[in-house]
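Have a look at the structure below before the remarks.
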Amino acid sequence: MKPKKVFVSGCYDLLHSGHVAFFEEAASYGDLYVGLGSDQTIYGLKGRKTINSDAERLYMVKSIRYVKDAWINSGSGIMDFDREIRELRPDIFFVNTDGFTPAKEALCKELGIQLIVSKRVPEEGLPVRSTTALRQECRIPYRVELCGGWLDQPSVNSLVPGSVIVMSIEPTMEFNDKSGMATSSRKKAIELWQTQIPAGNREQLAKLIFCMENPPGTKTVSGSQDQLGILLPGLNKLNYENGYWPVSIDSITDDETLNFIAEHLYLIQLPQRRFDYDVLSNTSINSESAEKLAKATELCWKSMLAHDVKGWGKATTACFEAQLEMYPAMLTQDVIDAIKTYQNQAYGWKLTGAGGGGYMILISDQDIPHAIKVVPRHLNN
């Protein structure tokens with residue numbers, strides 16, 4: 001009987017035992033074919049250069065005994081393998097949890113390919129390895145915006161005072177560039193401090209990053225929720241009124257609340273934003289929608305503190321709907337498709353950032369298969 005064809009795709013930079021275990025697991029289903037992202041594709045997704053060139057990475061991957069054949073994918077973005085997978089017509093598309101996206105699932109349904117998600121089982125006696133873990137010398141966190149995004153802009157908070165709720169999260173994975181996870185602010189922090197946030201007043205340190213990211217003459221100012229979300233541990237409600245910096249900050253750092261949020265918060269990876277995407281096109285900033293956004297944020301905050309997952313989910317969707325009234329370009333076809341896929345599994349949803357790509361937040365009390373989980377940065381970290 002002819003063996004099945006199994007396809008995997010990825011970066012495979014800093015090749016380690018976790019990659020080999022992944023290939024071994026995939027190859028257990030049949031002949032393994034590997035599509036590697038080009039240097040240009042990885043730079044576009046991660047915002048950094050690879051350690052090893054695509055020629056070096058291809059040479060190493062082809063040398064692994066579990067791999068039947070490998071190549072550099074010809075496309076770009078998360079779906080850079082589209083042409084290759086259509087030509088190969090594999091029986092199985094094998095992915096890990098971080099690499100799962102609704103777009104990949106839809107493509108498999110279109111082509112009649114079985115989608116299998118890795119269990120991430122290391123070789124006996126070896127530790128679990130990931131590229132992110134190997135980069136773990138950098139402890140500077142990311143941030144996730146949970147509600148109220150856009151209220152850190154004077155164009156909105158000058159109409160109605162309101163808040164943005166953010167949470168600092170551990171760098172347990174490498175989030176894609178331009179994904180709504182404050183990656184640009186994090187890069188500035190790394191540029192300044194390399195691997196660790198220094199001792200000192202965190203709000204003052206956030207102001208330093210804010211100034212670095214928005215030098216004199218900046219046309220589109222990056223809102224301070226990004227810098228504060230990274231620098232302040234735990235859950236923070238940033239209260240804005242006619243300005244770029246909050247007039248006050250409410251902070252929650254108790255383990256019970258942070259663990260509750262982590263338990264019910266899921267992220268689904270979406271395709272990268274198109275090159276010509278402009279979230280500010282067709283904006284309609286008005287007091288009525290700004291007030292809806294502010295009210296949704298207050299309900300979200302109260303629900304999270306009360307550990308009310310249904311109320312939190314309802315407020316999350318209300319937040320997103322208010323955002324869309326002012327910034328309709330946020331709603332792309334990829335977002336619409338993701339909502340249709342997950343709306344019956346979640347109490348609420350929104351994007352992690354202002355753009356039409358990145359990650360979708362889902363609030364649920366049931367396990368959502370293949371979704372990404374985050375780890376809040378607690379006070380003592």
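Numbering starts fresh at 1 for the residues of each chain in the structure tokens, the chains themselves are lettered A, B, ... in the order given, and ligands are numbered from 1 as they appear.
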Would you kindly return, as a ChimeraX atom specification, each protein, DNA or RNA residue with an atom no farther than 12 Å from any atom of region 193-209 of chain A, considering only C-alpha atoms and excluding same-chain residues fewer than 6 positions away? /A:135-141,171,182,184-187,215,222-233,236,238,244-249,379,381
For the residues in the current selection, export C-alpha atoms as a JSON list (two decimals), in the first residue's frame.
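Contents of again08.json, freshly written:
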```json
[["chain", "number", "residue", "atom", "x", "y", "z"],
["A", 135, "ARG", "CA", 15.25, 32.84, 22.93],
["A", 136, "GLN", "CA", 13.97, 32.96, 26.49],
["A", 137, "GLU", "CA", 16.93, 34.99, 27.69],
["A", 138, "CYS", "CA", 14.72, 37.93, 26.69],
["A", 139, "ARG", "CA", 12.09, 38.25, 29.40],
["A", 140, "ILE", "CA", 10.42, 41.42, 28.12],
["A", 141, "PRO", "CA", 6.69, 40.64, 27.89],
["A", 171, "PRO", "CA", 6.80, 35.75, 26.11],
["A", 182, "ALA", "CA", 2.44, 45.61, 20.92],
["A", 184, "SER", "CA", 6.72, 47.44, 17.92],
["A", 185, "SER", "CA", 6.79, 48.78, 21.51],
["A", 186, "ARG", "CA", 8.42, 45.56, 22.68],
["A", 187, "LYS", "CA", 11.14, 46.00, 20.04],
["A", 215, "PRO", "CA", 9.66, 61.04, 18.23],
["A", 222, "SER", "CA", 1.26, 54.94, 18.87],
["A", 223, "GLY", "CA", -1.14, 54.91, 21.81],
["A", 224, "SER", "CA", 0.29, 54.56, 25.31],
["A", 225, "GLN", "CA", -1.74, 51.41, 26.01],
["A", 226, "ASP", "CA", 1.03, 49.53, 24.16],
["A", 227, "GLN", "CA", 3.91, 50.71, 26.32],
["A", 228, "LEU", "CA", 1.97, 50.60, 29.59],
["A", 229, "GLY", "CA", 0.56, 47.19, 28.73],
["A", 230, "ILE", "CA", 4.08, 45.81, 28.41],
["A", 231, "LEU", "CA", 5.64, 47.56, 31.40],
["A", 232, "LEU", "CA", 2.88, 47.23, 34.03],
["A", 233, "PRO", "CA", 2.44, 43.70, 35.42],
["A", 236, "ASN", "CA", -4.53, 47.30, 34.14],
["A", 238, "LEU", "CA", -5.95, 52.82, 31.80],
["A", 244, "TYR", "CA", -2.39, 60.43, 25.01],
["A", 245, "TRP", "CA", -1.54, 59.45, 28.59],
["A", 246, "PRO", "CA", -4.05, 58.08, 31.15],
["A", 247, "VAL", "CA", -5.13, 60.39, 33.96],
["A", 248, "SER", "CA", -5.23, 57.39, 36.31],
["A", 249, "ILE", "CA", -4.56, 53.64, 36.30],
["A", 379, "LEU", "CA", 3.58, 41.14, 40.10],
["A", 381, "ASN", "CA", 8.01, 38.72, 37.65]]
```
Looking only at strand (DSSP E or B) from DSSP on the backbone, list the matching residues of region 30-238 of chain A as an NGL selection string. :A and (31-36 or 67-72 or 92-95 or 114-117 or 142-147 or 162-169 or 235-238)
Any chance you can output those residues with N, CA and C atoms as an mmCIF file, in the first residue's frame?
```cif
data_model
loop_
_atom_site.group_PDB
_atom_site.id
_atom_site.type_symbol
_atom_site.label_atom_id
_atom_site.label_comp_id
_atom_site.auth_asym_id
_atom_site.auth_seq_id
_atom_site.Cartn_x
_atom_site.Cartn_y
_atom_site.Cartn_z
ATOM 1 N N ASP A 31 4.913 9.581 4.396
ATOM 2 C CA ASP A 31 6.093 10.269 3.861
ATOM 3 C C ASP A 31 5.971 11.770 4.125
ATOM 4 N N LEU A 32 7.033 12.348 4.701
ATOM 5 C CA LEU A 32 6.971 13.733 5.162
ATOM 6 C C LEU A 32 7.617 14.692 4.164
ATOM 7 N N TYR A 33 6.865 15.732 3.819
ATOM 8 C CA TYR A 33 7.336 16.806 2.947
ATOM 9 C C TYR A 33 7.268 18.117 3.733
ATOM 10 N N VAL A 34 8.347 18.903 3.657
ATOM 11 C CA VAL A 34 8.469 20.105 4.478
ATOM 12 C C VAL A 34 8.609 21.344 3.602
ATOM 13 N N GLY A 35 7.727 22.319 3.812
ATOM 14 C CA GLY A 35 7.829 23.603 3.143
ATOM 15 C C GLY A 35 8.348 24.650 4.115
ATOM 16 N N LEU A 36 9.470 25.283 3.812
ATOM 17 C CA LEU A 36 10.074 26.274 4.706
ATOM 18 C C LEU A 36 9.730 27.690 4.251
ATOM 19 N N VAL A 67 12.521 13.259 7.029
ATOM 20 C CA VAL A 67 12.034 14.118 5.947
ATOM 21 C C VAL A 67 12.321 13.480 4.592
ATOM 22 N N LYS A 68 11.272 13.269 3.797
ATOM 23 C CA LYS A 68 11.435 12.699 2.458
ATOM 24 C C LYS A 68 11.910 13.759 1.470
ATOM 25 N N ASP A 69 11.342 14.987 1.586
ATOM 26 C CA ASP A 69 11.766 16.082 0.714
ATOM 27 C C ASP A 69 11.381 17.406 1.366
ATOM 28 N N ALA A 70 12.075 18.463 0.952
ATOM 29 C CA ALA A 70 11.811 19.793 1.512
ATOM 30 C C ALA A 70 12.128 20.840 0.458
ATOM 31 N N TRP A 71 11.576 22.030 0.641
ATOM 32 C CA TRP A 71 11.781 23.146 -0.287
ATOM 33 C C TRP A 71 11.458 24.460 0.407
ATOM 34 N N ILE A 72 11.785 25.575 -0.261
ATOM 35 C CA ILE A 72 11.413 26.905 0.225
ATOM 36 C C ILE A 72 10.095 27.291 -0.421
ATOM 37 N N ILE A 92 -2.359 14.524 4.394
ATOM 38 C CA ILE A 92 -2.409 15.098 5.753
ATOM 39 C C ILE A 92 -1.618 16.396 5.795
ATOM 40 N N PHE A 93 -2.190 17.409 6.437
ATOM 41 C CA PHE A 93 -1.469 18.641 6.772
ATOM 42 C C PHE A 93 -1.271 18.608 8.280
ATOM 43 N N PHE A 94 -0.021 18.549 8.711
ATOM 44 C CA PHE A 94 0.321 18.380 10.121
ATOM 45 C C PHE A 94 0.816 19.718 10.666
ATOM 46 N N VAL A 95 0.198 20.233 11.729
ATOM 47 C CA VAL A 95 0.563 21.534 12.293
ATOM 48 C C VAL A 95 0.701 21.415 13.808
ATOM 49 N N GLN A 114 -6.684 15.994 5.337
ATOM 50 C CA GLN A 114 -6.906 15.823 6.777
ATOM 51 C C GLN A 114 -5.960 16.724 7.556
ATOM 52 N N LEU A 115 -6.498 17.506 8.483
ATOM 53 C CA LEU A 115 -5.684 18.389 9.318
ATOM 54 C C LEU A 115 -5.468 17.732 10.674
ATOM 55 N N ILE A 116 -4.204 17.538 11.043
ATOM 56 C CA ILE A 116 -3.861 16.939 12.331
ATOM 57 C C ILE A 116 -2.987 17.918 13.103
ATOM 58 N N VAL A 117 -3.308 18.123 14.386
ATOM 59 C CA VAL A 117 -2.553 19.041 15.238
ATOM 60 C C VAL A 117 -1.619 18.245 16.148
ATOM 61 N N TYR A 142 4.950 40.677 26.223
ATOM 62 C CA TYR A 142 4.022 41.271 25.269
ATOM 63 C C TYR A 142 2.853 41.846 26.065
ATOM 64 N N ARG A 143 1.894 42.411 25.365
ATOM 65 C CA ARG A 143 0.653 42.808 26.029
ATOM 66 C C ARG A 143 -0.532 42.462 25.145
ATOM 67 N N VAL A 144 -1.646 42.117 25.773
ATOM 68 C CA VAL A 144 -2.878 41.878 25.043
ATOM 69 C C VAL A 144 -3.892 42.932 25.485
ATOM 70 N N GLU A 145 -4.524 43.582 24.518
ATOM 71 C CA GLU A 145 -5.570 44.581 24.809
ATOM 72 C C GLU A 145 -6.894 43.855 24.873
ATOM 73 N N LEU A 146 -7.546 43.884 26.025
ATOM 74 C CA LEU A 146 -8.757 43.111 26.250
ATOM 75 C C LEU A 146 -10.032 43.882 25.965
ATOM 76 N N CYS A 147 -9.984 45.201 26.082
ATOM 77 C CA CYS A 147 -11.186 45.999 25.812
ATOM 78 C C CYS A 147 -10.824 47.482 25.734
ATOM 79 N N GLY A 162 -12.767 57.587 28.640
ATOM 80 C CA GLY A 162 -12.949 56.143 28.681
ATOM 81 C C GLY A 162 -11.658 55.427 28.991
ATOM 82 N N SER A 163 -11.739 54.110 29.054
ATOM 83 C CA SER A 163 -10.607 53.308 29.508
ATOM 84 C C SER A 163 -10.224 52.249 28.484
ATOM 85 N N VAL A 164 -8.983 51.800 28.597
ATOM 86 C CA VAL A 164 -8.475 50.662 27.841
ATOM 87 C C VAL A 164 -7.960 49.639 28.851
ATOM 88 N N ILE A 165 -8.381 48.378 28.694
ATOM 89 C CA ILE A 165 -7.958 47.318 29.597
ATOM 90 C C ILE A 165 -6.876 46.492 28.908
ATOM 91 N N VAL A 166 -5.721 46.392 29.538
ATOM 92 C CA VAL A 166 -4.595 45.656 28.967
ATOM 93 C C VAL A 166 -4.054 44.670 30.000
ATOM 94 N N MET A 167 -3.386 43.639 29.511
ATOM 95 C CA MET A 167 -2.747 42.664 30.401
ATOM 96 C C MET A 167 -1.371 42.331 29.864
ATOM 97 N N SER A 168 -0.378 42.401 30.722
ATOM 98 C CA SER A 168 0.988 42.030 30.371
ATOM 99 C C SER A 168 1.093 40.511 30.384
ATOM 100 N N ILE A 169 1.680 39.934 29.330
ATOM 101 C CA ILE A 169 1.770 38.474 29.236
ATOM 102 C C ILE A 169 3.200 38.030 28.990
ATOM 103 N N LEU A 235 -3.140 42.966 35.307
ATOM 104 C CA LEU A 235 -4.264 43.538 34.566
ATOM 105 C C LEU A 235 -4.394 45.009 34.911
ATOM 106 N N ASN A 236 -4.496 45.866 33.891
ATOM 107 C CA ASN A 236 -4.535 47.305 34.141
ATOM 108 C C ASN A 236 -5.626 47.996 33.339
ATOM 109 N N LYS A 237 -6.352 48.857 34.006
ATOM 110 C CA LYS A 237 -7.390 49.681 33.384
ATOM 111 C C LYS A 237 -6.844 51.108 33.289
ATOM 112 N N LEU A 238 -6.554 51.519 32.064
ATOM 113 C CA LEU A 238 -5.947 52.823 31.800
ATOM 114 C C LEU A 238 -7.057 53.816 31.489
#
```
Counting only C-alpha atoms, which residue out of A:Lys62, A:Lys350, A:Lys2, A:His264 sits closest to Leu15 (chain A)?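 Nearest to Leu15 (chain A): A:Lys62.
Near region 57-60 of chain A, within a cut-off of 7 Å and counting only C-alpha atoms, sit the residues Tyr12, Asp13, Asn52, Ser53, Asp54, Ala55, Lys62, Ser63, Ile64, Ala70 and Trp71 of chain A, with same-chain residues fewer than 2 positions away left out.
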Go ahead and write the selection's residues with N, CA and C atoms as a PDB file, in the first residue's frame.
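Result saved to out.pdb:
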```pdb
ATOM      1  N   TYR A  12      11.702  26.835  11.101  1.00  0.00           N
ATOM      2  CA  TYR A  12      12.772  25.899  11.442  1.00  0.00           C
ATOM      3  C   TYR A  12      14.140  26.575  11.494  1.00  0.00           C
ATOM      4  N   ASP A  13      14.142  27.767  12.084  1.00  0.00           N
ATOM      5  CA  ASP A  13      15.389  28.450  12.390  1.00  0.00           C
ATOM      6  C   ASP A  13      15.840  27.952  13.768  1.00  0.00           C
ATOM      7  N   ASN A  52      19.705  31.662  10.597  1.00  0.00           N
ATOM      8  CA  ASN A  52      20.254  30.907   9.472  1.00  0.00           C
ATOM      9  C   ASN A  52      19.475  31.242   8.199  1.00  0.00           C
ATOM     10  N   SER A  53      20.160  31.371   7.083  1.00  0.00           N
ATOM     11  CA  SER A  53      19.509  31.699   5.820  1.00  0.00           C
ATOM     12  C   SER A  53      18.605  30.566   5.374  1.00  0.00           C
ATOM     13  N   ASP A  54      17.715  30.850   4.412  1.00  0.00           N
ATOM     14  CA  ASP A  54      16.815  29.795   3.957  1.00  0.00           C
ATOM     15  C   ASP A  54      17.591  28.644   3.310  1.00  0.00           C
ATOM     16  N   ALA A  55      18.719  28.939   2.660  1.00  0.00           N
ATOM     17  CA  ALA A  55      19.538  27.865   2.076  1.00  0.00           C
ATOM     18  C   ALA A  55      20.109  26.962   3.166  1.00  0.00           C
ATOM     19  N   LYS A  62      16.577  18.999   5.184  1.00  0.00           N
ATOM     20  CA  LYS A  62      16.687  17.873   4.255  1.00  0.00           C
ATOM     21  C   LYS A  62      17.577  16.756   4.812  1.00  0.00           C
ATOM     22  N   SER A  63      18.478  17.098   5.732  1.00  0.00           N
ATOM     23  CA  SER A  63      19.397  16.114   6.303  1.00  0.00           C
ATOM     24  C   SER A  63      18.747  15.252   7.372  1.00  0.00           C
ATOM     25  N   ILE A  64      17.569  15.625   7.849  1.00  0.00           N
ATOM     26  CA  ILE A  64      16.891  14.870   8.900  1.00  0.00           C
ATOM     27  C   ILE A  64      16.246  13.625   8.297  1.00  0.00           C
ATOM     28  N   ALA A  70      12.075  18.463   0.952  1.00  0.00           N
ATOM     29  CA  ALA A  70      11.811  19.793   1.512  1.00  0.00           C
ATOM     30  C   ALA A  70      12.128  20.840   0.458  1.00  0.00           C
ATOM     31  N   TRP A  71      11.576  22.030   0.641  1.00  0.00           N
ATOM     32  CA  TRP A  71      11.781  23.146  -0.287  1.00  0.00           C
ATOM     33  C   TRP A  71      11.458  24.460   0.407  1.00  0.00           C
TER      34      TRP A  71
END
```
Nearest to Gly358 (chain A), restricted to only C-alpha atoms and choosing among A:Ala294, A:Ala315, A:Met181, A:Val160, comes out as A:Met181
With only C-alpha atoms as the basis for distance, which of A:Met173, A:Val375, A:Leu14, A:Ile78 is at the shortest distance from Asp98 (chain A)?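 Among the listed residues, the smallest separation from Asp98 (chain A) belongs to A:Met173.
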Quick check for you: according to DSSP on this backbone, which residues of region 158-334 of chain A are classed as helix (DSSP H, G or I)? Reply as number ranges by chain. A: 183-193, 202-213, 224-231, 255-264, 287-305, 309-326, 328-330, 333-334
Filtering to C-alpha atoms, could you give me those residues as a PDB file, in the first residue's frame?
```
ATOM      1  CA  THR A 183       5.378  44.056  19.070  1.00  0.00           C
ATOM      2  CA  SER A 184       6.721  47.443  17.922  1.00  0.00           C
ATOM      3  CA  SER A 185       6.788  48.776  21.508  1.00  0.00           C
ATOM      4  CA  ARG A 186       8.424  45.559  22.682  1.00  0.00           C
ATOM      5  CA  LYS A 187      11.141  46.001  20.035  1.00  0.00           C
ATOM      6  CA  LYS A 188      11.887  49.469  21.389  1.00  0.00           C
ATOM      7  CA  ALA A 189      12.134  48.031  24.900  1.00  0.00           C
ATOM      8  CA  ILE A 190      14.528  45.328  23.658  1.00  0.00           C
ATOM      9  CA  GLU A 191      16.552  47.953  21.780  1.00  0.00           C
ATOM     10  CA  LEU A 192      16.892  49.929  25.000  1.00  0.00           C
ATOM     11  CA  TRP A 193      17.214  47.197  27.648  1.00  0.00           C
ATOM     12  CA  ARG A 202       7.224  51.219  35.566  1.00  0.00           C
ATOM     13  CA  GLU A 203       5.003  54.091  34.432  1.00  0.00           C
ATOM     14  CA  GLN A 204       8.042  56.344  33.971  1.00  0.00           C
ATOM     15  CA  LEU A 205       9.799  53.583  32.038  1.00  0.00           C
ATOM     16  CA  ALA A 206       6.710  53.262  29.831  1.00  0.00           C
ATOM     17  CA  LYS A 207       6.894  57.002  29.104  1.00  0.00           C
ATOM     18  CA  LEU A 208      10.466  56.501  27.932  1.00  0.00           C
ATOM     19  CA  ILE A 209       9.379  53.826  25.423  1.00  0.00           C
ATOM     20  CA  PHE A 210       6.432  56.018  24.371  1.00  0.00           C
ATOM     21  CA  CYS A 211       8.827  58.851  23.536  1.00  0.00           C
ATOM     22  CA  MET A 212      11.168  56.505  21.666  1.00  0.00           C
ATOM     23  CA  GLU A 213       8.302  55.171  19.582  1.00  0.00           C
ATOM     24  CA  SER A 224       0.289  54.563  25.308  1.00  0.00           C
ATOM     25  CA  GLN A 225      -1.737  51.412  26.014  1.00  0.00           C
ATOM     26  CA  ASP A 226       1.027  49.527  24.161  1.00  0.00           C
ATOM     27  CA  GLN A 227       3.914  50.711  26.317  1.00  0.00           C
ATOM     28  CA  LEU A 228       1.969  50.605  29.592  1.00  0.00           C
ATOM     29  CA  GLY A 229       0.560  47.187  28.727  1.00  0.00           C
ATOM     30  CA  ILE A 230       4.083  45.810  28.406  1.00  0.00           C
ATOM     31  CA  LEU A 231       5.635  47.563  31.404  1.00  0.00           C
ATOM     32  CA  ASP A 255      -3.353  35.496  41.253  1.00  0.00           C
ATOM     33  CA  GLU A 256      -7.020  34.465  41.484  1.00  0.00           C
ATOM     34  CA  THR A 257      -8.223  37.099  38.993  1.00  0.00           C
ATOM     35  CA  LEU A 258      -5.270  36.731  36.632  1.00  0.00           C
ATOM     36  CA  ASN A 259      -5.686  32.950  36.605  1.00  0.00           C
ATOM     37  CA  PHE A 260      -9.416  33.354  35.917  1.00  0.00           C
ATOM     38  CA  ILE A 261      -8.644  35.527  32.893  1.00  0.00           C
ATOM     39  CA  ALA A 262      -5.981  33.139  31.601  1.00  0.00           C
ATOM     40  CA  GLU A 263      -8.361  30.190  31.991  1.00  0.00           C
ATOM     41  CA  HIS A 264     -11.101  31.733  29.824  1.00  0.00           C
ATOM     42  CA  SER A 287     -19.523  60.647  20.439  1.00  0.00           C
ATOM     43  CA  GLU A 288     -22.275  58.023  20.385  1.00  0.00           C
ATOM     44  CA  SER A 289     -19.949  55.191  19.343  1.00  0.00           C
ATOM     45  CA  ALA A 290     -17.197  56.395  21.687  1.00  0.00           C
ATOM     46  CA  GLU A 291     -19.661  56.280  24.573  1.00  0.00           C
ATOM     47  CA  LYS A 292     -20.664  52.720  23.637  1.00  0.00           C
ATOM     48  CA  LEU A 293     -16.988  51.767  23.686  1.00  0.00           C
ATOM     49  CA  ALA A 294     -16.437  53.394  27.083  1.00  0.00           C
ATOM     50  CA  LYS A 295     -19.500  51.655  28.573  1.00  0.00           C
ATOM     51  CA  ALA A 296     -18.431  48.295  27.182  1.00  0.00           C
ATOM     52  CA  THR A 297     -15.033  48.705  28.844  1.00  0.00           C
ATOM     53  CA  GLU A 298     -16.598  49.468  32.230  1.00  0.00           C
ATOM     54  CA  LEU A 299     -18.808  46.366  31.934  1.00  0.00           C
ATOM     55  CA  CYS A 300     -15.803  44.302  30.914  1.00  0.00           C
ATOM     56  CA  TRP A 301     -13.776  45.443  33.925  1.00  0.00           C
ATOM     57  CA  LYS A 302     -16.606  44.774  36.395  1.00  0.00           C
ATOM     58  CA  SER A 303     -17.277  41.340  34.876  1.00  0.00           C
ATOM     59  CA  MET A 304     -13.631  40.281  35.048  1.00  0.00           C
ATOM     60  CA  LEU A 305     -13.323  41.365  38.676  1.00  0.00           C
ATOM     61  CA  VAL A 309     -17.261  34.972  32.147  1.00  0.00           C
ATOM     62  CA  LYS A 310     -20.587  35.518  30.361  1.00  0.00           C
ATOM     63  CA  GLY A 311     -20.658  39.215  31.242  1.00  0.00           C
ATOM     64  CA  TRP A 312     -17.025  39.544  30.191  1.00  0.00           C
ATOM     65  CA  GLY A 313     -17.790  37.907  26.856  1.00  0.00           C
ATOM     66  CA  LYS A 314     -20.825  40.127  26.246  1.00  0.00           C
ATOM     67  CA  ALA A 315     -18.768  43.241  27.003  1.00  0.00           C
ATOM     68  CA  THR A 316     -15.980  42.050  24.688  1.00  0.00           C
ATOM     69  CA  THR A 317     -18.335  41.743  21.718  1.00  0.00           C
ATOM     70  CA  ALA A 318     -19.951  45.101  22.573  1.00  0.00           C
ATOM     71  CA  CYS A 319     -16.467  46.635  22.566  1.00  0.00           C
ATOM     72  CA  PHE A 320     -15.716  45.204  19.131  1.00  0.00           C
ATOM     73  CA  GLU A 321     -19.041  46.370  17.704  1.00  0.00           C
ATOM     74  CA  ALA A 322     -18.424  49.911  18.975  1.00  0.00           C
ATOM     75  CA  GLN A 323     -14.941  49.868  17.450  1.00  0.00           C
ATOM     76  CA  LEU A 324     -16.367  48.764  14.112  1.00  0.00           C
ATOM     77  CA  GLU A 325     -18.841  51.645  14.107  1.00  0.00           C
ATOM     78  CA  MET A 326     -15.898  54.060  14.171  1.00  0.00           C
ATOM     79  CA  PRO A 328     -15.263  49.721   9.868  1.00  0.00           C
ATOM     80  CA  ALA A 329     -12.077  48.709   8.009  1.00  0.00           C
ATOM     81  CA  MET A 330     -11.199  46.505  11.010  1.00  0.00           C
ATOM     82  CA  GLN A 333     -13.305  38.803   5.412  1.00  0.00           C
ATOM     83  CA  ASP A 334     -10.808  36.816   7.505  1.00  0.00           C
TER      84      ASP A 334
END
```
For CA of Asp152 (chain A) and CA of Leu362 (chain A), the interatomic separation in Å (one decimal):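 We find that CA of Asp152 (chain A) and CA of Leu362 (chain A) lie 22.3 Å from each other.
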Atom-to-atom span, CA of Thr341 (chain A) and CA of Ile268 (chain A), Å: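 Between CA of Thr341 (chain A) and CA of Ile268 (chain A) the gap works out to 10.8 Å.
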